[in-house]
$ cat work03.pdb   # PDB, C-alpha atoms and all ligand atoms
ATOM      1  CA  MET A   1      81.396 111.255  93.694
ATOM      2  CA  THR A   2      82.662 107.800  94.531
ATOM      3  CA  SER A   3      81.094 105.353  96.921
ATOM      4  CA  ALA A   4      82.414 102.125  98.407
ATOM      5  CA  PRO A   5      81.942  99.112  96.099
ATOM      6  CA  PRO A   6      79.346  96.543  97.238
ATOM      7  CA  PRO A   7      80.833  93.725  99.344
ATOM      8  CA  GLY A   8      82.599  91.134  97.221
ATOM      9  CA  GLU A   9      82.914  93.479  94.249
ATOM     10  CA  ARG A  10      86.275  94.869  93.277
ATOM     11  CA  ARG A  11      86.846  98.468  92.337
ATOM     12  CA  ALA A  12      88.565  98.845  88.950
ATOM     13  CA  PRO A  13      92.224  99.880  89.247
ATOM     14  CA  VAL A  14      93.115 103.532  88.720
ATOM     15  CA  LEU A  15      94.571 103.848  85.225
ATOM     16  CA  LEU A  16      97.764 105.898  85.127
ATOM     17  CA  ALA A  17      99.215 106.944  81.777
ATOM     18  CA  THR A  18     102.004 109.396  82.580
ATOM     19  CA  PRO A  19     104.850 109.704  85.116
ATOM     20  CA  ALA A  20     103.114 112.781  86.553
ATOM     21  CA  THR A  21      99.843 110.947  87.244
ATOM     22  CA  ALA A  22     101.744 107.948  88.625
ATOM     23  CA  ARG A  23     103.656 110.237  90.965
ATOM     24  CA  ALA A  24     100.459 111.970  92.076
ATOM     25  CA  TRP A  25      98.831 108.598  92.829
ATOM     26  CA  SER A  26     101.939 107.499  94.730
ATOM     27  CA  ARG A  27     101.986 110.704  96.804
ATOM     28  CA  GLU A  28      98.331 110.319  97.676
ATOM     29  CA  VAL A  29      98.792 106.709  98.809
ATOM     30  CA  ARG A  30     101.843 107.621 100.851
ATOM     31  CA  SER A  31     100.169 110.642 102.427
ATOM     32  CA  GLY A  32      97.709 108.195 103.966
ATOM     33  CA  GLY A  33     100.635 106.288 105.482
ATOM     34  CA  ARG A  34     100.236 103.332 103.118
ATOM     35  CA  THR A  35     103.066 101.455 101.454
ATOM     36  CA  ILE A  36     103.281 100.677  97.738
ATOM     37  CA  GLY A  37     104.214  97.479  95.916
ATOM     38  CA  LEU A  38     105.114  97.617  92.222
ATOM     39  CA  VAL A  39     104.971  94.711  89.783
ATOM     40  CA  PRO A  40     106.599  95.727  86.494
ATOM     41  CA  THR A  41     105.333  93.746  83.486
ATOM     42  CA  MET A  42     105.075  93.919  79.728
ATOM     43  CA  GLY A  43     101.454  92.768  79.898
ATOM     44  CA  ALA A  44      99.821  89.669  78.380
ATOM     45  CA  LEU A  45      99.374  88.745  82.012
ATOM     46  CA  HIS A  46      99.417  85.100  83.074
ATOM     47  CA  GLY A  47      99.556  83.113  86.299
ATOM     48  CA  GLY A  48     103.224  84.028  86.847
ATOM     49  CA  HIS A  49     102.466  87.733  86.837
ATOM     50  CA  LEU A  50      99.415  87.206  89.018
ATOM     51  CA  ALA A  51     101.496  85.365  91.629
ATOM     52  CA  LEU A  52     103.830  88.366  91.731
ATOM     53  CA  VAL A  53     100.823  90.643  92.305
ATOM     54  CA  THR A  54      99.584  88.459  95.165
ATOM     55  CA  ASP A  55     103.082  88.484  96.648
ATOM     56  CA  ALA A  56     103.241  92.307  96.399
ATOM     57  CA  ALA A  57      99.775  92.609  97.965
ATOM     58  CA  ALA A  58     100.874  90.502 100.937
ATOM     59  CA  ARG A  59     103.851  92.809 101.539
ATOM     60  CA  THR A  60     102.339  96.260 100.957
ATOM     61  CA  ASP A  61      99.092  98.239 101.273
ATOM     62  CA  ALA A  62      98.575  99.279  97.648
ATOM     63  CA  VAL A  63      99.717  97.493  94.489
ATOM     64  CA  CYS A  64     100.569  99.072  91.175
ATOM     65  CA  VAL A  65     101.087  96.894  88.093
ATOM     66  CA  SER A  66     102.966  98.551  85.276
ATOM     67  CA  ILE A  67     102.239  97.377  81.757
ATOM     68  CA  PHE A  68     104.724  98.623  79.212
ATOM     69  CA  VAL A  69     106.254  96.800  76.255
ATOM     70  CA  ASN A  70     109.602  98.529  76.474
ATOM     71  CA  PRO A  71     111.110  99.099  73.024
ATOM     72  CA  LEU A  72     114.503  99.851  74.596
ATOM     73  CA  GLN A  73     114.982  96.264  75.798
ATOM     74  CA  PHE A  74     114.156  94.497  72.529
ATOM     75  CA  ASP A  75     117.181  93.673  70.421
ATOM     76  CA  GLN A  76     114.915  92.368  67.623
ATOM     77  CA  ARG A  77     112.305  94.681  66.116
ATOM     78  CA  THR A  78     110.268  91.646  64.929
ATOM     79  CA  ASP A  79     110.054  90.335  68.504
ATOM     80  CA  PHE A  80     108.857  93.761  69.690
ATOM     81  CA  ASP A  81     106.204  93.943  66.970
ATOM     82  CA  ALA A  82     104.999  90.367  67.608
ATOM     83  CA  TYR A  83     104.813  90.806  71.393
ATOM     84  CA  PRO A  84     101.164  90.234  72.515
ATOM     85  CA  ARG A  85      99.297  93.295  73.847
ATOM     86  CA  PRO A  86      95.862  92.164  75.155
ATOM     87  CA  ILE A  87      95.300  95.271  77.285
ATOM     88  CA  ASP A  88      91.562  94.729  77.957
ATOM     89  CA  GLY A  89      92.130  91.223  79.320
ATOM     90  CA  ASP A  90      95.059  92.528  81.379
ATOM     91  CA  LEU A  91      92.961  95.267  82.956
ATOM     92  CA  ALA A  92      90.213  92.755  83.751
ATOM     93  CA  ALA A  93      92.771  90.428  85.394
ATOM     94  CA  CYS A  94      94.113  93.328  87.467
ATOM     95  CA  ALA A  95      90.588  94.322  88.535
ATOM     96  CA  GLU A  96      89.857  90.721  89.483
ATOM     97  CA  LEU A  97      92.927  90.644  91.732
ATOM     98  CA  GLY A  98      92.083  93.953  93.378
ATOM     99  CA  VAL A  99      95.104  95.788  91.950
ATOM    100  CA  ASP A 100      94.960  99.438  93.021
ATOM    101  CA  ALA A 101      96.609 101.066  90.010
ATOM    102  CA  VAL A 102      97.791 100.136  86.539
ATOM    103  CA  TYR A 103     100.544 102.299  85.110
ATOM    104  CA  ALA A 104     100.439 101.879  81.329
ATOM    105  CA  PRO A 105     102.307 104.693  79.573
ATOM    106  CA  THR A 106     102.841 104.773  75.811
ATOM    107  CA  ALA A 107     106.320 104.596  74.300
ATOM    108  CA  ALA A 108     105.979 108.246  73.269
ATOM    109  CA  VAL A 109     105.352 109.218  76.889
ATOM    110  CA  MET A 110     108.261 107.128  78.187
ATOM    111  CA  TYR A 111     110.698 108.124  75.463
ATOM    112  CA  PRO A 112     109.682 111.510  74.094
ATOM    113  CA  GLU A 113     111.629 113.322  71.410
ATOM    114  CA  GLY A 114     115.093 114.140  72.730
ATOM    115  CA  PHE A 115     115.268 111.267  75.218
ATOM    116  CA  GLN A 116     118.922 110.213  75.526
ATOM    117  CA  THR A 117     119.845 109.077  79.041
ATOM    118  CA  ARG A 118     120.592 105.432  79.791
ATOM    119  CA  VAL A 119     121.283 103.502  83.000
ATOM    120  CA  VAL A 120     124.195 101.179  82.275
ATOM    121  CA  PRO A 121     124.388  97.877  84.189
ATOM    122  CA  GLY A 122     127.715  96.329  85.233
ATOM    123  CA  PRO A 123     129.281  92.882  84.817
ATOM    124  CA  LEU A 124     126.091  91.063  85.896
ATOM    125  CA  ALA A 125     124.765  91.951  82.442
ATOM    126  CA  ALA A 126     127.819  90.591  80.626
ATOM    127  CA  THR A 127     127.051  86.868  81.001
ATOM    128  CA  MET A 128     124.206  84.507  80.023
ATOM    129  CA  GLU A 129     121.566  86.529  78.140
ATOM    130  CA  GLY A 130     123.829  89.572  77.822
ATOM    131  CA  PRO A 131     126.197  88.753  74.943
ATOM    132  CA  GLY A 132     123.433  87.481  72.634
ATOM    133  CA  ARG A 133     121.060  90.382  73.312
ATOM    134  CA  PRO A 134     123.040  93.619  72.961
ATOM    135  CA  GLY A 135     121.429  96.552  74.784
ATOM    136  CA  HIS A 136     118.753  94.380  76.385
ATOM    137  CA  PHE A 137     119.713  94.842  80.031
ATOM    138  CA  GLU A 138     120.533  98.515  79.552
ATOM    139  CA  GLY A 139     116.953  98.838  78.302
ATOM    140  CA  VAL A 140     115.727  97.011  81.390
ATOM    141  CA  THR A 141     117.723  99.070  83.913
ATOM    142  CA  THR A 142     116.701 102.302  82.189
ATOM    143  CA  VAL A 143     112.986 101.505  82.176
ATOM    144  CA  VAL A 144     113.005 100.093  85.715
ATOM    145  CA  THR A 145     114.706 103.254  86.976
ATOM    146  CA  LYS A 146     111.992 105.325  85.281
ATOM    147  CA  LEU A 147     109.223 103.126  86.727
ATOM    148  CA  PHE A 148     110.724 103.363  90.214
ATOM    149  CA  ALA A 149     111.032 107.159  89.854
ATOM    150  CA  ALA A 150     107.392 107.539  88.784
ATOM    151  CA  VAL A 151     105.733 105.094  91.194
ATOM    152  CA  ALA A 152     108.193 105.389  94.123
ATOM    153  CA  PRO A 153     107.360 101.915  95.452
ATOM    154  CA  ASP A 154     108.557 100.540  98.783
ATOM    155  CA  VAL A 155     108.764  97.040  97.315
ATOM    156  CA  ALA A 156     109.060  95.780  93.730
ATOM    157  CA  VAL A 157     108.466  92.118  92.915
ATOM    158  CA  PHE A 158     110.296  90.415  90.046
ATOM    159  CA  GLY A 159     110.191  86.774  88.916
ATOM    160  CA  GLU A 160     113.053  84.296  89.152
ATOM    161  CA  LYS A 161     111.967  83.272  85.651
ATOM    162  CA  ASP A 162     114.206  86.124  84.481
ATOM    163  CA  PHE A 163     116.890  85.301  87.010
ATOM    164  CA  GLN A 164     119.565  87.529  85.504
ATOM    165  CA  GLN A 165     117.162  90.475  85.275
ATOM    166  CA  LEU A 166     116.266  90.029  88.957
ATOM    167  CA  ALA A 167     119.956  90.052  89.955
ATOM    168  CA  ILE A 168     120.656  93.140  87.843
ATOM    169  CA  VAL A 169     117.642  95.037  89.220
ATOM    170  CA  ARG A 170     118.607  94.147  92.813
ATOM    171  CA  ARG A 171     122.058  95.538  92.121
ATOM    172  CA  LEU A 172     120.575  98.624  90.426
ATOM    173  CA  ALA A 173     118.404  99.437  93.449
ATOM    174  CA  ARG A 174     121.372  99.064  95.786
ATOM    175  CA  ASP A 175     123.939 100.839  93.661
ATOM    176  CA  LEU A 176     121.771 103.878  92.917
ATOM    177  CA  ASP A 177     120.203 104.077  96.424
ATOM    178  CA  LEU A 178     116.711 103.839  94.951
ATOM    179  CA  GLY A 179     115.143 102.950  98.309
ATOM    180  CA  VAL A 180     113.163 100.066  96.818
ATOM    181  CA  GLU A 181     113.244  96.560  98.270
ATOM    182  CA  VAL A 182     113.536  94.190  95.304
ATOM    183  CA  VAL A 183     111.848  90.852  95.993
ATOM    184  CA  GLY A 184     112.312  87.700  93.884
ATOM    185  CA  HIS A 185     109.378  85.358  93.358
ATOM    186  CA  PRO A 186     109.772  81.665  92.379
ATOM    187  CA  ILE A 187     108.948  80.538  88.844
ATOM    188  CA  VAL A 188     105.289  79.661  88.240
ATOM    189  CA  ARG A 189     104.819  76.700  85.887
ATOM    190  CA  GLU A 190     102.086  75.158  83.786
ATOM    191  CA  PRO A 191     100.899  71.687  84.903
ATOM    192  CA  ASP A 192     103.341  70.048  82.446
ATOM    193  CA  GLY A 193     106.257  72.030  83.893
ATOM    194  CA  LEU A 194     106.675  74.705  81.209
ATOM    195  CA  ALA A 195     107.411  78.077  82.824
ATOM    196  CA  MET A 196     104.530  80.478  82.232
ATOM    197  CA  SER A 197     105.473  83.201  79.764
ATOM    198  CA  SER A 198     103.685  85.756  77.624
ATOM    199  CA  ARG A 199     105.664  84.338  74.698
ATOM    200  CA  ASN A 200     103.992  80.919  75.182
ATOM    201  CA  ARG A 201     100.934  82.506  73.521
ATOM    202  CA  ARG A 202     102.904  82.697  70.290
ATOM    203  CA  LEU A 203     103.531  78.930  70.129
ATOM    204  CA  ASP A 204     101.279  76.852  67.878
ATOM    205  CA  ALA A 205      99.790  73.642  69.318
ATOM    206  CA  GLU A 206     102.689  71.445  68.183
ATOM    207  CA  GLN A 207     105.325  73.855  69.425
ATOM    208  CA  ARG A 208     103.497  74.147  72.728
ATOM    209  CA  ARG A 209     103.625  70.362  73.135
ATOM    210  CA  ALA A 210     107.299  70.355  72.149
ATOM    211  CA  ALA A 211     108.144  73.113  74.635
ATOM    212  CA  VAL A 212     107.856  70.680  77.526
ATOM    213  CA  CYS A 213     111.357  69.584  76.488
ATOM    214  CA  ILE A 214     112.624  72.658  78.395
ATOM    215  CA  PRO A 215     111.551  71.564  81.892
ATOM    216  CA  ARG A 216     112.551  68.021  80.912
ATOM    217  CA  ALA A 217     116.003  69.241  79.937
ATOM    218  CA  LEU A 218     116.354  71.066  83.251
ATOM    219  CA  ALA A 219     115.196  67.952  85.125
ATOM    220  CA  ALA A 220     117.885  65.993  83.277
ATOM    221  CA  THR A 221     120.510  68.520  84.411
ATOM    222  CA  THR A 222     119.600  68.138  88.070
ATOM    223  CA  ALA A 223     119.659  64.347  87.737
ATOM    224  CA  VAL A 224     123.203  64.477  86.304
ATOM    225  CA  ALA A 225     124.229  67.020  88.952
ATOM    226  CA  ALA A 226     122.886  64.797  91.733
ATOM    227  CA  THR A 227     125.147  61.948  90.642
ATOM    228  CA  GLY A 228     128.251  64.164  90.729
ATOM    229  CA  GLY A 229     128.258  65.287  87.082
ATOM    230  CA  SER A 230     130.507  68.130  85.891
ATOM    231  CA  PRO A 231     129.057  71.335  84.373
ATOM    232  CA  ALA A 232     130.059  70.039  80.910
ATOM    233  CA  SER A 233     128.098  66.817  81.410
ATOM    234  CA  ILE A 234     125.166  68.758  82.890
ATOM    235  CA  VAL A 235     125.024  71.016  79.840
ATOM    236  CA  GLN A 236     125.319  67.999  77.551
ATOM    237  CA  ALA A 237     122.349  66.343  79.269
ATOM    238  CA  ALA A 238     120.183  69.375  78.503
ATOM    239  CA  GLU A 239     121.426  69.564  74.910
ATOM    240  CA  GLN A 240     120.523  65.914  74.365
ATOM    241  CA  VAL A 241     116.970  66.292  75.626
ATOM    242  CA  VAL A 242     116.397  69.384  73.460
ATOM    243  CA  ALA A 243     118.063  67.779  70.408
ATOM    244  CA  ALA A 244     115.614  64.860  70.651
ATOM    245  CA  GLU A 245     112.735  67.295  70.084
ATOM    246  CA  GLY A 246     112.605  68.057  66.374
ATOM    247  CA  LEU A 247     110.772  71.381  66.731
ATOM    248  CA  ALA A 248     113.247  72.795  69.246
ATOM    249  CA  ARG A 249     116.515  74.608  68.578
ATOM    250  CA  HIS A 250     118.901  74.773  71.518
ATOM    251  CA  GLU A 251     120.636  78.148  71.985
ATOM    252  CA  TYR A 252     122.516  77.702  75.227
ATOM    253  CA  THR A 253     122.546  75.976  78.578
ATOM    254  CA  THR A 254     124.858  77.231  81.277
ATOM    255  CA  VAL A 255     125.731  76.344  84.850
ATOM    256  CA  PHE A 256     126.287  79.517  86.849
ATOM    257  CA  ASP A 257     126.891  81.036  90.253
ATOM    258  CA  PRO A 258     123.573  82.648  91.327
ATOM    259  CA  GLY A 259     125.439  85.460  93.096
ATOM    260  CA  THR A 260     127.880  86.603  90.421
ATOM    261  CA  LEU A 261     126.078  84.999  87.432
ATOM    262  CA  GLU A 262     129.500  83.791  86.267
ATOM    263  CA  GLU A 263     129.683  80.482  84.459
ATOM    264  CA  LEU A 264     130.958  77.600  86.593
ATOM    265  CA  ASP A 265     133.452  75.295  84.835
ATOM    266  CA  GLU A 266     133.584  72.993  87.812
ATOM    267  CA  LEU A 267     131.400  72.203  90.800
ATOM    268  CA  LEU A 268     133.309  71.873  94.054
ATOM    269  CA  PRO A 269     131.799  69.804  96.874
ATOM    270  CA  GLY A 270     130.673  73.057  98.564
ATOM    271  CA  ASP A 271     128.780  74.069  95.419
ATOM    272  CA  ARG A 272     126.630  70.937  95.510
ATOM    273  CA  ARG A 273     124.078  72.432  97.883
ATOM    274  CA  PRO A 274     120.823  74.379  97.474
ATOM    275  CA  GLY A 275     121.374  77.992  96.414
ATOM    276  CA  ARG A 276     124.972  77.493  95.258
ATOM    277  CA  ALA A 277     124.673  76.632  91.576
ATOM    278  CA  ARG A 278     121.950  77.181  88.995
ATOM    279  CA  VAL A 279     121.327  76.132  85.433
ATOM    280  CA  ALA A 280     119.726  78.324  82.763
ATOM    281  CA  THR A 281     118.729  77.571  79.206
ATOM    282  CA  ALA A 282     117.366  79.303  76.106
ATOM    283  CA  VAL A 283     115.530  77.309  73.433
ATOM    284  CA  TRP A 284     113.832  78.407  70.194
ATOM    285  CA  PHE A 285     110.568  77.116  68.700
ATOM    286  CA  GLY A 286     110.246  78.711  65.280
ATOM    287  CA  ASP A 287     110.816  82.422  65.963
ATOM    288  CA  VAL A 288     109.791  82.179  69.615
ATOM    289  CA  ARG A 289     112.611  82.145  72.143
ATOM    290  CA  LEU A 290     111.887  80.737  75.615
ATOM    291  CA  ILE A 291     114.124  80.823  78.696
ATOM    292  CA  ASP A 292     114.049  78.906  81.949
ATOM    293  CA  ASN A 293     116.304  78.165  84.916
ATOM    294  CA  ARG A 294     116.442  76.280  88.182
ATOM    295  CA  ASP A 295     118.556  75.532  91.208
ATOM    296  CA  LEU A 296     120.765  72.517  90.420
ATOM    297  CA  PHE A 297     120.663  71.146  93.943
ATOM    298  CA  ALA A 298     117.331  72.259  95.382
ATOM    299  CA  GLY A 299     116.246  68.625  95.599
TER     300      GLY A 299
HETATM  301  P1  LIG A 301     107.410  90.154  81.612
HETATM  302  O1  LIG A 301     106.010  90.667  81.443
HETATM  303  O2  LIG A 301     107.704  88.916  80.839
HETATM  304  O3  LIG A 301     108.442  91.250  81.435
HETATM  305  O4  LIG A 301     107.518  89.705  83.119
HETATM  306  C1  LIG A 301     107.192  90.590  84.173
HETATM  307  C2  LIG A 301     107.636  89.986  85.469
HETATM  308  O5  LIG A 301     106.986  88.745  85.659
HETATM  309  C3  LIG A 301     109.146  89.700  85.502
HETATM  310  O6  LIG A 301     109.644  90.020  86.790
HETATM  311  C4  LIG A 301     109.199  88.227  85.217
HETATM  312  O7  LIG A 301     110.340  87.589  85.751
HETATM  313  C5  LIG A 301     107.946  87.755  85.921
HETATM  314  N1  LIG A 301     107.515  86.468  85.390
HETATM  315  C6  LIG A 301     107.227  86.162  84.097
HETATM  316  N2  LIG A 301     106.894  84.860  83.977
HETATM  317  C7  LIG A 301     106.981  84.327  85.224
HETATM  318  C8  LIG A 301     106.764  83.036  85.771
HETATM  319  N3  LIG A 301     106.421  82.003  85.008
HETATM  320  N4  LIG A 301     106.956  82.852  87.094
HETATM  321  C9  LIG A 301     107.337  83.884  87.888
HETATM  322  N5  LIG A 301     107.546  85.137  87.438
HETATM  323  C10 LIG A 301     107.372  85.362  86.122
END

$ encode --input "work03.pdb" --output "structure tokens"
Amino acid sequence: MTSAPPPGERRAPVLLATPATARAWSREVRSGGRTIGLVPTMGALHGGHLALVTDAAARTDAVCVSIFVNPLQFDQRTDFDAYPRPIDGDLAACAELGVDAVYAPTAAVMYPEGFQTRVVPGPLAATMEGPGRPGHFEGVTTVVTKLFAAVAPDVAVFGEKDFQQLAIVRRLARDLDLGVEVVGHPIVREPDGLAMSSRNRRLDAEQRRAAVCIPRALAATTAVAATGGSPASIVQAAEQVVAAEGLARHEYTTVFDPGTLEELDELLPGDRRPGRARVATAVWFGDVRLIDNRDLFAG
């Protein structure tokens, strides 16, 4: 028998481990006329994830956080193995926030023997992160489709931190008529400007200090953009800032159209406005790869 928790005390989230139990939970919530918000994560929850949960809670009646380190979206086995999995801390953080359900299936449950179907994204997956990470976005669209099928949310909240992923998932929901409103949430940053990321946990103290070169590089790009700089000079500004940091290895910086995700070789006067052009970068510290992005003209 369950009783209402004492005032001020949160009830622990319902733990869901299979698509069938997730679906049953979803049906029960919906039968009471309540809406569902889903926040898909790979765990190692931080302030960025928690902001997404708060956003979902403001939009819906019941929030489900999924925690699943999806092997299908890792192009490097070593990255998959090294990915942090602090499940107890994650569950405590979800309880603290009043999350209603945590869907945390195992890989064997998600991809049992004989699994073979994939959801293939279109051209949005062919730029930026796509070419360097073969199969990554196909892994994302496949797992997100499975999460949406199991939880049947009304709303799903994704971070602008993974800007390309957000665009691809929006397209996925539209193209396959999934009936889920995909909401983008702004990037949450540490006090020094570094975007919060589960991978930040893998940086040592020196690398962590060095990683502030990423937000600095992006700030340099907006400064060059504001004075009329071309995409080439904007990219060069980022490269210079990263090159000055001995522990950092620059992978790419690109200026792109936030709608099509296509690279912009030039910025026309009409592009020099908020929401019209974005810059994204990927930088390595040892074997840890961090990404970030921002609007070039947000002010
Ligand atoms: P992950 O666990 O890294 O797969 O991220 C789960 C969700 O949280 C994705 O939609 C990410 O874009 C989002 N996210 C991760 N870090 C941040 C951040 N610093 N600010 C906003 N959203 C984030």

$ resolve_selection --input "work03.pdb" --expression "the PyMOL selection byres (((chain A and resi 247) around 12) and not hetatm)" --output "MDAnalysis selection string"
chainID A and resid 203:214 241:246 248:250 283:288

$ resolve_selection --input "work03.pdb" --expression "the PyMOL selection byres (((not hetatm)) within 6 of (chain A and resi 301))" --output "count of residues only"
18

$ residues_near_point --input "work03.pdb" --point "(124.7, 79.2, 82.6)" --cutoff "7 Å" --atoms "all atoms listed in the file" --output "list in words"
Met128, Thr253, Thr254, Val255, Phe256, Glu263, Val279 and Ala280 of chain A

$ atom_distance --input "work03.pdb" --atom1 "atom CA of Tyr252 of chain A" --atom2 "atom CA of Ile168 of chain A"
20.0 Å

$ residues_around --input "work03.pdb" --residues "Ala149 of chain A" --least-positions-apart "6" --cutoff "10 Å" --atoms "all atoms listed in the file" --output "list in words"
Pro19, Ala22, Arg23, Val143 and Leu178 of chain A

$ resolve_selection --input "work03.pdb" --expression "the PyMOL selection byres (((chain A and resi 167) around 9) and not hetatm)" --output "short mmCIF file (atom, residue, chain, number, x, y, z; two decimals) with C-alpha atoms, keeping the file's coordinate frame"
data_model
loop_
_atom_site.label_atom_id
_atom_site.label_comp_id
_atom_site.auth_asym_id
_atom_site.auth_seq_id
_atom_site.Cartn_x
_atom_site.Cartn_y
_atom_site.Cartn_z
CA LEU A 124 126.09 91.06 85.90
CA ASP A 162 114.21 86.12 84.48
CA PHE A 163 116.89 85.30 87.01
CA GLN A 164 119.56 87.53 85.50
CA GLN A 165 117.16 90.48 85.28
CA LEU A 166 116.27 90.03 88.96
CA ILE A 168 120.66 93.14 87.84
CA VAL A 169 117.64 95.04 89.22
CA ARG A 170 118.61 94.15 92.81
CA ARG A 171 122.06 95.54 92.12
CA LEU A 172 120.58 98.62 90.43
CA GLY A 184 112.31 87.70 93.88
CA PRO A 258 123.57 82.65 91.33
CA GLY A 259 125.44 85.46 93.10
CA THR A 260 127.88 86.60 90.42
CA LEU A 261 126.08 85.00 87.43
#

$ closest_residue --input "work03.pdb" --among "A:Gln73, A:Phe68, A:Ala101, A:His46" --to "Glu129 of chain A" --atoms "only C-alpha atoms"
A:Gln73

$ closest_residue --input "work03.pdb" --among "A:Val180, A:Ala219, A:Leu38, A:Ala298" --to "Cys64 of chain A" --atoms "all atoms listed in the file"
A:Leu38

$ closest_residue --input "work03.pdb" --among "A:Val14, A:Leu52, A:Ala226, A:Ala62" --to "Gly33 of chain A" --atoms "all atoms listed in the file"
A:Ala62

$ closest_residue --input "work03.pdb" --among "A:Val39, A:Ala232, A:Ala237, A:Val120" --to "Ala220 of chain A" --atoms "all atoms listed in the file"
A:Ala237

$ closest_residue --input "work03.pdb" --among "A:Ala82, A:Arg174, A:Arg59, A:Ala12" --to "Gly98 of chain A" --atoms "only C-alpha atoms"
A:Ala12

$ atom_distance --input "work03.pdb" --atom1 "atom CA of Ala92 of chain A" --atom2 "atom CA of Thr35 of chain A"
23.5 Å

$ closest_residue --input "work03.pdb" --among "A:Tyr103, A:Ala57, A:Arg118, A:Cys94" --to "Thr21 of chain A" --atoms "only C-alpha atoms"
A:Tyr103
